[in-house]
Amino acid sequence: MTASLFPFFTLPARILRAGLSPLTAVLDGAQSNGPNPTASNLPSELMEAGLVTINNGLQSIQSALSTAAGQPHGKPLTAPPLEGPGDLDSAASEFANRMARIFRFTPFEPVELAAALKKTFSAARISFGHIDQAERSRAVFPIQIALSFGTLLVQQMLRVLVSYEMVGAEKYPRFITDFLESFTDTPIYIALEYDALIENYEKRLVLRPDDAATRVELGRTQIKCGLHEQAAATLLQAAGDPSVRALALHEAAVALHRAGKLDDAARIGSNALAANPGNERARAWLWLTAQKLGGYPAFIPASHRMQMNVGHEQPTVEFEDIAARIGLDKTSGGRGVAVFDYNNDGLLDVAIACAHGGCNLYRNNGDGTFTDVSISSGLDTAVNPFIITVGDYNNDGYADLFITRLGFYVGEGQLFRNNGDGTFTDVTAQAGLKVWGPAFSASWVDYDCDGFLDLFIANNIGGLFDRKTPNRLFHNNGDGTFTEVAEEAGLSTLWPTIGSTWGDYNNDGYPDLFLSNALGKSQLYRNNGDGTFTDVSAEANINENCFGSVSLWCDYDNDGLLDIVQFTWSDHENVIHTMRHGEGPPDGKPARIYHNNGDGTFTLRGRDIGLTGCWGTMSGNAGDFNNDGNIDLALGNGSPRMDRLEPPILLENDGKRFRNITFAAGLPFGGKGHGVNMADLFGDGRLSVLVASGGAYPGDLLTTRVFCPKRLPGNYLNVRLVGTTSNRSAIGARICLEADGRKQYRDVSGGTNFGCLPFEQHFGLAAAQKVDSLQIRWPSGLVERFTGLPINDTVRFTEGKSGWERPYQK
Amino acid sequence: MVGIAFISHKGDAVSQDLTQASHQQIGAKVGDFRLATLGGTTICLKTLLEGKRGAVVVFWSAVCSHCVRYDGFLNALVERCPALGFLAVASRSGETAEQIRAAVQQRKLLFPIALDPGSLVARLWCTQQTPRAFLVDADGLLLFRGALDNYRYPGDIEYAAYLEPAIAQFLSRSPITKTETASFGCAIDSVYYKFPRAL
């Protein structure tokens, strides 16, 4: 290794691995005990429980000390700490995060020691300098510092333990290196400080022009900034040094591909594989380049090629990308997509959030096209939006929006009230919803069935060494304001949360909460009906660790019981394994369904029902896109890494298993999908799959795609509900449709994370010529039954009002 | 009635009327401005359009990595389209004239740049991120607004240009087929710029 950044960059993983060796020995030993999963997980389960206990104990001591010292207990932030953290725990996290960046970006050389020390002092000053002087001068302050770092350490150990258990010894160094890179990069790219990074690398190269590892890092930074032509030149120059040749060539192939120089990308990609035949990422990238070229060029040897052995099952429906044709081809770092009717003209409109840009609202013109009304609506002012969730919180008949920020970093939430005249007003402060934190998902729910929508915000972690920011539950007071009740409700968790979804799994009329945690165990909270919740994960058999992504409730087998679909995130190697072998490796964790047994327990289903592929799923949704009466799935996949693109995936449910029809149905091979949504945009029964695409880095911008079935695949009925006693959006209502002697169930959801589905419920009727009956259970408890309904139409029901109406004229 | 933003020669905002900003529409008159240029002169929409068939205005930032990518395109545009006035408006919060001058020198930028220190013109023109391009006719009527392209390179089979065809159609007196696209890029103002530096 040369004395430069590169060895230092991989050092954390090596240190962690060394530090983990006693733990890994225990785990590895346990895993060799035999096939009994309970026995093999026992040591890690015990360690996990022990760490949780230690954390709780330390936190109790912290709390007691604060009380004794007369200090106020910490509350979640409502505004950005622009000067620096004001409390000890946040300061400790900030310091650790800053040290991680110093650790990564400072060359590991004696001459850099003075600079590193200076940066360390500066980090300490920025991190701790804004804690109140009175607090710092208390006698207990040194003990509080120790306790603060103690809880931070324990929470980190817990995350390391769980992630190690999932990734395994072999892949862990690479996993942790990728993880470290992403989290240390985020604040730099968000604050546009990449110019300083590039300048540092360039200065260093002036002093040490032979430092090839630094040159590689410069090239990789240029790729992240989208300067692909410059990056290719930088990396090809670095490739002259044998010590970095393989990596430099691979990254150069990425840059050339992204710069549209596909022949060169193929040639250099092949050279990268020749330099390191084991680099599966290079093989996958070369394959992607070949797809754009129409096939592998003749000069690519057979040993460098691969086949895509997944996604070719026979589809019952074929799609075409119509995004450009209808005006939804937004290029951005695509994030959430919400489909809703913002102006009550009956047509479904589309809002798209994105990193590296603003929020766009597209009005449905009713003629198969959309008009960008972002500016006139006022939503263009929501910069760096992440997830958009729709709900009529004030029951005025117009859909309002709550928007989160960034998801893997801190930011503010914003509530936009729909004024009913095509415009939105930011009413966050007056509603009492000022929040600052790493909010990933948010959902509207009437958890106490009082007729007003409440708001749940799921918080991830915003930095590598951040503590878990509490999830938030805001009770709607019915007067346009909200009151935080999460703690009293019993909804605290240690795990960083990504997906959150509400559904009434026990049919008691109250929505329950499922949390899909970024790592660690998923959690199911039963709604007790009195404003409190009980964590019933263990008794419900929801107890497996995974990298949880977004999740949703749906009745995938039409048995009248809500099941949980949990999408998962897999590392790049497992994704490539899936591509090459048709399924994820045995130790991979594909998407899963927690099948509701109807007795308060769930059975984990996955590979046995066709969920075999490991993808880096960031977004997924459910809908019957082939109109056969079974709910299908669509997945948007990716990762921040610039050398990772993976396709959106379509899984067709044939009633017995999910079949991967992606490529056979006409979807593209590469992408980076976030906001996946499904909606009948034209009211003609064809359920389009919308995928907002793009990555975390400014150089990773892609274009939104809208995949529409080429033909109507079967009969259908679209159903809309308007609550009167219940919340106006009817979130939480359950619909049972019976046709041809078969029942189908849909629940109106208040947000399925990155893709906020329309309130309109789409029922595929296959060849059925009539609907026998339709029953609605409103959140108020009212149950209504209707017959004599049309097919191939869109109908609207109003709570307590007999009959139905069409929401718009075709 | 359109909004107007005047910036003094020193870069201070002296008056503003942004009430009509949210009503900026394709086909309608854009807001006027008076800005100091990097060269020390003053420019307004009228002078930009003087003797021209129209103008291209691009909101731009020296530090924005998305803008860097279009250096060559913008340098060439000024020469390629003499019938159009061209102005880059530097609106990014906190960006100084010195930083911009340094970028001009280092990147050999040839196009004219005006300073919008309070981001008033950006707000008047409903612009949240850089780069964002506008094409207006000689009367100041808005013909196109949005991204320059879809951020692919011309060699890519998925490449789609937006500004270039709009200019070509305008100059050939053809109807502009795509008058608006979403913009992407670096935020002109962001809370993340106000934190202590990460590095």
# chains A, B, ... in the order shown; residues from 1 in each chain; ligands from 1
call {"tool": "interface_residues", "arguments": {"of": "chain B", "to": "chain A", "cutoff": "6 Å", "atoms": "only C-alpha atoms", "output": "list of chain:residue names"}}
result
B:Ser22, B:His23, B:Ser65, B:Asn150, B:Tyr153, B:Gly155, B:Asp156, B:Ala182, B:Phe184, B:Gly185, B:Cys186, B:Tyr192, B:Tyr193, B:Phe195, B:Ala198
call {"tool": "residues_around", "arguments": {"residues": "stretch 59-66 of chain A", "least_positions_apart": "5", "cutoff": "12 Å", "atoms": "only C-alpha atoms", "output": "number ranges by chain"}}
result
A: 52-54, 71-74, 87-89, 135, 138-152, 154-155, 467, 494
call {"tool": "write_last_selection", "arguments": {"atoms": "C-alpha atoms", "output": "short mmCIF file (atom, residue, chain, number, x, y, z; two decimals), in the first residue's frame"}}
result
data_model
loop_
_atom_site.label_atom_id
_atom_site.label_comp_id
_atom_site.auth_asym_id
_atom_site.auth_seq_id
_atom_site.Cartn_x
_atom_site.Cartn_y
_atom_site.Cartn_z
CA VAL A 52 -29.98 -3.15 25.04
CA THR A 53 -30.02 -3.65 28.81
CA ILE A 54 -26.73 -1.81 29.26
CA GLN A 71 -31.31 20.00 34.06
CA PRO A 72 -34.23 19.87 31.67
CA HIS A 73 -34.70 16.56 29.89
CA GLY A 74 -33.75 16.60 26.26
CA ASP A 87 -26.98 19.21 24.38
CA LEU A 88 -24.33 16.75 25.43
CA ASP A 89 -25.61 13.67 23.60
CA GLU A 135 -23.97 22.92 32.32
CA ARG A 138 -21.36 21.40 36.97
CA ALA A 139 -19.48 18.81 38.98
CA VAL A 140 -21.36 15.98 37.31
CA PHE A 141 -20.43 17.12 33.80
CA PRO A 142 -17.39 14.80 33.40
CA ILE A 143 -19.54 11.86 34.48
CA GLN A 144 -22.23 12.91 32.05
CA ILE A 145 -19.67 13.06 29.24
CA ALA A 146 -18.54 9.52 30.06
CA LEU A 147 -22.12 8.29 30.18
CA SER A 148 -22.96 10.03 26.94
CA PHE A 149 -20.07 8.41 25.10
CA GLY A 150 -20.98 5.16 26.87
CA THR A 151 -24.52 5.08 25.47
CA LEU A 152 -23.21 6.12 22.07
CA VAL A 154 -23.27 0.74 23.21
CA GLN A 155 -25.69 1.79 20.46
CA ARG A 467 -28.21 8.08 18.28
CA LEU A 494 -33.74 1.98 19.62
#
call {"tool": "closest_residue", "arguments": {"among": "A:Gly764, A:Gly269, A:Trp804, A:Pro779", "to": "A:Arg245", "atoms": "only C-alpha atoms"}}
result
A:Gly269
call {"tool": "atom_distance", "arguments": {"atom1": "atom CA of A:Thr389", "atom2": "atom CA of A:Trp495"}}
result
22.4 Å
call {"tool": "select_by_dssp", "arguments": {"residues": "chain B", "states": "strand (DSSP E or B)", "output": "PyMOL selection string"}}
result
chain B and resi 4-7+13-17+29+32-37+42-44+54-60+84-90+113-115+129-130+132-137+141-146+149+161+180+184+186-187
call {"tool": "select_by_dssp", "arguments": {"residues": "stretch 370-467 of chain A", "states": "helix (DSSP H, G or I)", "output": "ChimeraX atom specification"}}
result
/A:374-377,379-381,428-431
call {"tool": "write_last_selection", "arguments": {"atoms": "N, CA and C atoms", "output": "compact mmCIF listing (two decimals), in the first residue's frame"}}
result
# COMPACT_ATOMS: atom_id res chain seq x y z
N SER A 374 -45.76 23.38 -10.51
CA SER A 374 -44.98 23.51 -9.27
C SER A 374 -44.93 24.95 -8.79
N ILE A 375 -44.69 25.86 -9.70
CA ILE A 375 -44.50 27.25 -9.31
C ILE A 375 -45.81 27.87 -8.86
N SER A 376 -46.83 27.71 -9.67
CA SER A 376 -48.11 28.34 -9.31
C SER A 376 -48.70 27.74 -8.04
N SER A 377 -48.37 26.48 -7.76
CA SER A 377 -48.91 25.85 -6.54
C SER A 377 -48.11 26.23 -5.30
N LEU A 379 -45.35 24.71 -4.46
CA LEU A 379 -44.61 23.55 -3.96
C LEU A 379 -43.16 23.53 -4.42
N ASP A 380 -42.82 24.40 -5.39
CA ASP A 380 -41.42 24.44 -5.85
C ASP A 380 -40.50 24.95 -4.75
N THR A 381 -41.07 25.56 -3.74
CA THR A 381 -40.22 26.10 -2.67
C THR A 381 -39.73 25.01 -1.72
N THR A 428 -46.47 24.67 8.77
CA THR A 428 -45.78 23.80 9.72
C THR A 428 -45.76 24.38 11.13
N ALA A 429 -45.35 25.64 11.22
CA ALA A 429 -45.19 26.24 12.55
C ALA A 429 -46.52 26.39 13.25
N GLN A 430 -47.52 26.92 12.56
CA GLN A 430 -48.80 27.16 13.22
C GLN A 430 -49.51 25.85 13.58
N ALA A 431 -49.14 24.76 12.88
CA ALA A 431 -49.74 23.46 13.20
C ALA A 431 -49.01 22.77 14.34
call {"tool": "residues_around", "arguments": {"residues": "B:Ile43", "least_positions_apart": "3", "cutoff": "9 Å", "atoms": "only C-alpha atoms", "output": "JSON, numbers by chain"}}
result
{"B": [33, 34, 35, 36, 37, 46, 47, 48, 114]}
call {"tool": "closest_residue", "arguments": {"among": "B:Arg101, B:Lys178, B:Arg123, B:Arg145", "to": "B:Val63", "atoms": "only C-alpha atoms"}}
result
B:Arg101
call {"tool": "residues_around", "arguments": {"residues": "stretch 93-95 of chain B", "least_positions_apart": "6", "cutoff": "8 Å", "atoms": "only C-alpha atoms", "output": "VMD selection string"}}
result
chain B and resid 61 to 62 117 to 119 188 to 190
call {"tool": "residues_around", "arguments": {"residues": "stretch 274-277 of chain A", "least_positions_apart": "5", "cutoff": "12 Å", "atoms": "only C-alpha atoms", "output": "ChimeraX atom specification"}}
result
/A:239-250,267-269,282-283,300-305
call {"tool": "write_last_selection", "arguments": {"atoms": "N, CA and C atoms", "output": "tab-separated table (two decimals), in the first residue's frame"}}
result
chain	number	residue	atom	x	y	z
A	239	ALA	N	-4.49	4.65	-13.27
A	239	ALA	CA	-4.40	3.22	-13.57
A	239	ALA	C	-3.00	2.78	-14.01
A	240	GLY	N	-2.17	3.76	-14.29
A	240	GLY	CA	-0.79	3.42	-14.63
A	240	GLY	C	-0.02	2.85	-13.45
A	241	ASP	N	-0.51	3.06	-12.26
A	241	ASP	CA	0.15	2.54	-11.06
A	241	ASP	C	-0.43	1.17	-10.73
A	242	PRO	N	0.39	0.15	-10.71
A	242	PRO	CA	-0.14	-1.22	-10.50
A	242	PRO	C	-0.88	-1.38	-9.17
A	243	SER	N	-0.50	-0.58	-8.17
A	243	SER	CA	-1.12	-0.77	-6.86
A	243	SER	C	-2.61	-0.39	-6.84
A	244	VAL	N	-3.03	0.44	-7.78
A	244	VAL	CA	-4.45	0.85	-7.80
A	244	VAL	C	-5.10	0.55	-9.15
A	245	ARG	N	-4.37	-0.15	-10.00
A	245	ARG	CA	-4.82	-0.32	-11.39
A	245	ARG	C	-6.25	-0.88	-11.50
A	246	ALA	N	-6.51	-1.96	-10.79
A	246	ALA	CA	-7.81	-2.63	-10.94
A	246	ALA	C	-8.96	-1.70	-10.54
A	247	LEU	N	-8.80	-1.05	-9.41
A	247	LEU	CA	-9.85	-0.16	-8.93
A	247	LEU	C	-10.00	1.04	-9.87
A	248	ALA	N	-8.86	1.61	-10.27
A	248	ALA	CA	-8.90	2.80	-11.13
A	248	ALA	C	-9.58	2.48	-12.46
A	249	LEU	N	-9.29	1.32	-13.01
A	249	LEU	CA	-9.92	0.95	-14.29
A	249	LEU	C	-11.42	0.75	-14.13
A	250	HIS	N	-11.79	0.11	-13.04
A	250	HIS	CA	-13.23	-0.09	-12.80
A	250	HIS	C	-13.95	1.25	-12.68
A	267	ARG	N	-14.30	-1.38	-23.15
A	267	ARG	CA	-12.89	-1.78	-23.25
A	267	ARG	C	-12.20	-1.66	-21.89
A	268	ILE	N	-12.42	-0.52	-21.23
A	268	ILE	CA	-11.77	-0.30	-19.93
A	268	ILE	C	-12.37	-1.21	-18.87
A	269	GLY	N	-13.66	-1.45	-18.97
A	269	GLY	CA	-14.29	-2.36	-18.01
A	269	GLY	C	-13.73	-3.76	-18.13
A	282	ALA	N	-17.38	-4.91	-11.27
A	282	ALA	CA	-16.90	-4.54	-12.61
A	282	ALA	C	-17.61	-5.39	-13.67
A	283	ARG	N	-17.84	-6.65	-13.35
A	283	ARG	CA	-18.52	-7.53	-14.30
A	283	ARG	C	-19.96	-7.04	-14.55
A	300	ILE	N	-14.82	-8.51	-26.06
A	300	ILE	CA	-14.97	-8.88	-24.65
A	300	ILE	C	-14.89	-10.40	-24.52
A	301	PRO	N	-13.91	-10.89	-23.79
A	301	PRO	CA	-13.78	-12.35	-23.67
A	301	PRO	C	-14.94	-12.97	-22.89
A	302	ALA	N	-15.17	-14.24	-23.14
A	302	ALA	CA	-16.29	-14.93	-22.50
A	302	ALA	C	-16.17	-14.88	-20.97
A	303	SER	N	-14.94	-14.91	-20.48
A	303	SER	CA	-14.76	-14.94	-19.02
A	303	SER	C	-15.16	-13.62	-18.36
A	304	HIS	N	-15.34	-12.57	-19.14
A	304	HIS	CA	-15.74	-11.28	-18.58
A	304	HIS	C	-17.24	-11.03	-18.72
A	305	ARG	N	-17.91	-11.97	-19.32
A	305	ARG	CA	-19.34	-11.75	-19.58
A	305	ARG	C	-20.20	-12.37	-18.48
call {"tool": "residues_around", "arguments": {"residues": "stretch 82-90 of chain B", "least_positions_apart": "2", "cutoff": "6 Å", "atoms": "only C-alpha atoms", "output": "ChimeraX atom specification"}}
result
/B:48-49,52-61,79,92,112-116
call {"tool": "residues_around", "arguments": {"residues": "A:Phe797", "least_positions_apart": "4", "cutoff": "10 Å", "atoms": "only C-alpha atoms", "output": "PyMOL selection string"}}
result
chain A and resi 719-723+776+784+786+801-807
call {"tool": "write_last_selection", "arguments": {"atoms": "C-alpha atoms", "output": "tab-separated table (two decimals), in the first residue's frame"}}
result
chain	number	residue	atom	x	y	z
A	719	VAL	CA	-63.17	2.84	-5.99
A	720	ARG	CA	-62.89	6.13	-4.13
A	721	LEU	CA	-64.16	6.94	-0.68
A	722	VAL	CA	-65.13	10.18	1.03
A	723	GLY	CA	-65.38	10.12	4.81
A	776	ILE	CA	-66.96	-0.75	3.04
A	784	GLU	CA	-72.06	-0.31	4.21
A	786	PHE	CA	-73.47	-1.95	-2.23
A	801	LYS	CA	-74.86	8.26	1.76
A	802	SER	CA	-76.60	5.63	-0.30
A	803	GLY	CA	-75.48	4.99	-3.85
A	804	TRP	CA	-72.38	5.98	-5.71
A	805	GLU	CA	-71.27	8.59	-8.22
A	806	ARG	CA	-68.62	9.07	-10.82
A	807	PRO	CA	-65.89	11.47	-9.67
call {"tool": "decode", "arguments": {"residues": "stretch 64-77 of chain B", "atoms": "N, CA and C atoms", "output": "tab-separated table (two decimals), in the first residue's frame"}}
result
chain	number	residue	atom	x	y	z
B	64	CYS	N	-21.46	25.11	-7.96
B	64	CYS	CA	-22.40	24.04	-8.31
B	64	CYS	C	-21.78	23.08	-9.31
B	65	SER	N	-21.69	21.81	-8.92
B	65	SER	CA	-21.04	20.83	-9.80
B	65	SER	C	-21.86	20.57	-11.05
B	66	HIS	N	-23.16	20.79	-10.98
B	66	HIS	CA	-23.99	20.60	-12.17
B	66	HIS	C	-23.66	21.68	-13.21
B	67	CYS	N	-23.41	22.90	-12.71
B	67	CYS	CA	-23.10	24.00	-13.63
B	67	CYS	C	-21.76	23.76	-14.34
B	68	VAL	N	-20.80	23.21	-13.60
B	68	VAL	CA	-19.47	22.98	-14.17
B	68	VAL	C	-19.57	22.20	-15.47
B	69	ARG	N	-20.51	21.26	-15.44
B	69	ARG	CA	-20.66	20.38	-16.59
B	69	ARG	C	-21.04	21.14	-17.86
B	70	TYR	N	-21.65	22.30	-17.69
B	70	TYR	CA	-22.13	23.04	-18.86
B	70	TYR	C	-21.21	24.19	-19.24
B	71	ASP	N	-20.00	24.25	-18.68
B	71	ASP	CA	-19.07	25.34	-19.00
B	71	ASP	C	-18.86	25.46	-20.51
B	72	GLY	N	-18.53	24.36	-21.12
B	72	GLY	CA	-18.23	24.37	-22.56
B	72	GLY	C	-19.45	24.79	-23.38
B	73	PHE	N	-20.60	24.25	-23.01
B	73	PHE	CA	-21.84	24.56	-23.73
B	73	PHE	C	-22.15	26.04	-23.64
B	74	LEU	N	-22.04	26.60	-22.44
B	74	LEU	CA	-22.39	28.02	-22.26
B	74	LEU	C	-21.35	28.92	-22.91
B	75	ASN	N	-20.09	28.54	-22.83
B	75	ASN	CA	-19.06	29.34	-23.52
B	75	ASN	C	-19.36	29.42	-25.01
B	76	ALA	N	-19.75	28.27	-25.57
B	76	ALA	CA	-19.98	28.22	-27.02
B	76	ALA	C	-21.28	28.91	-27.40
B	77	LEU	N	-22.26	28.85	-26.50
B	77	LEU	CA	-23.59	29.38	-26.82
B	77	LEU	C	-23.53	30.87	-27.18
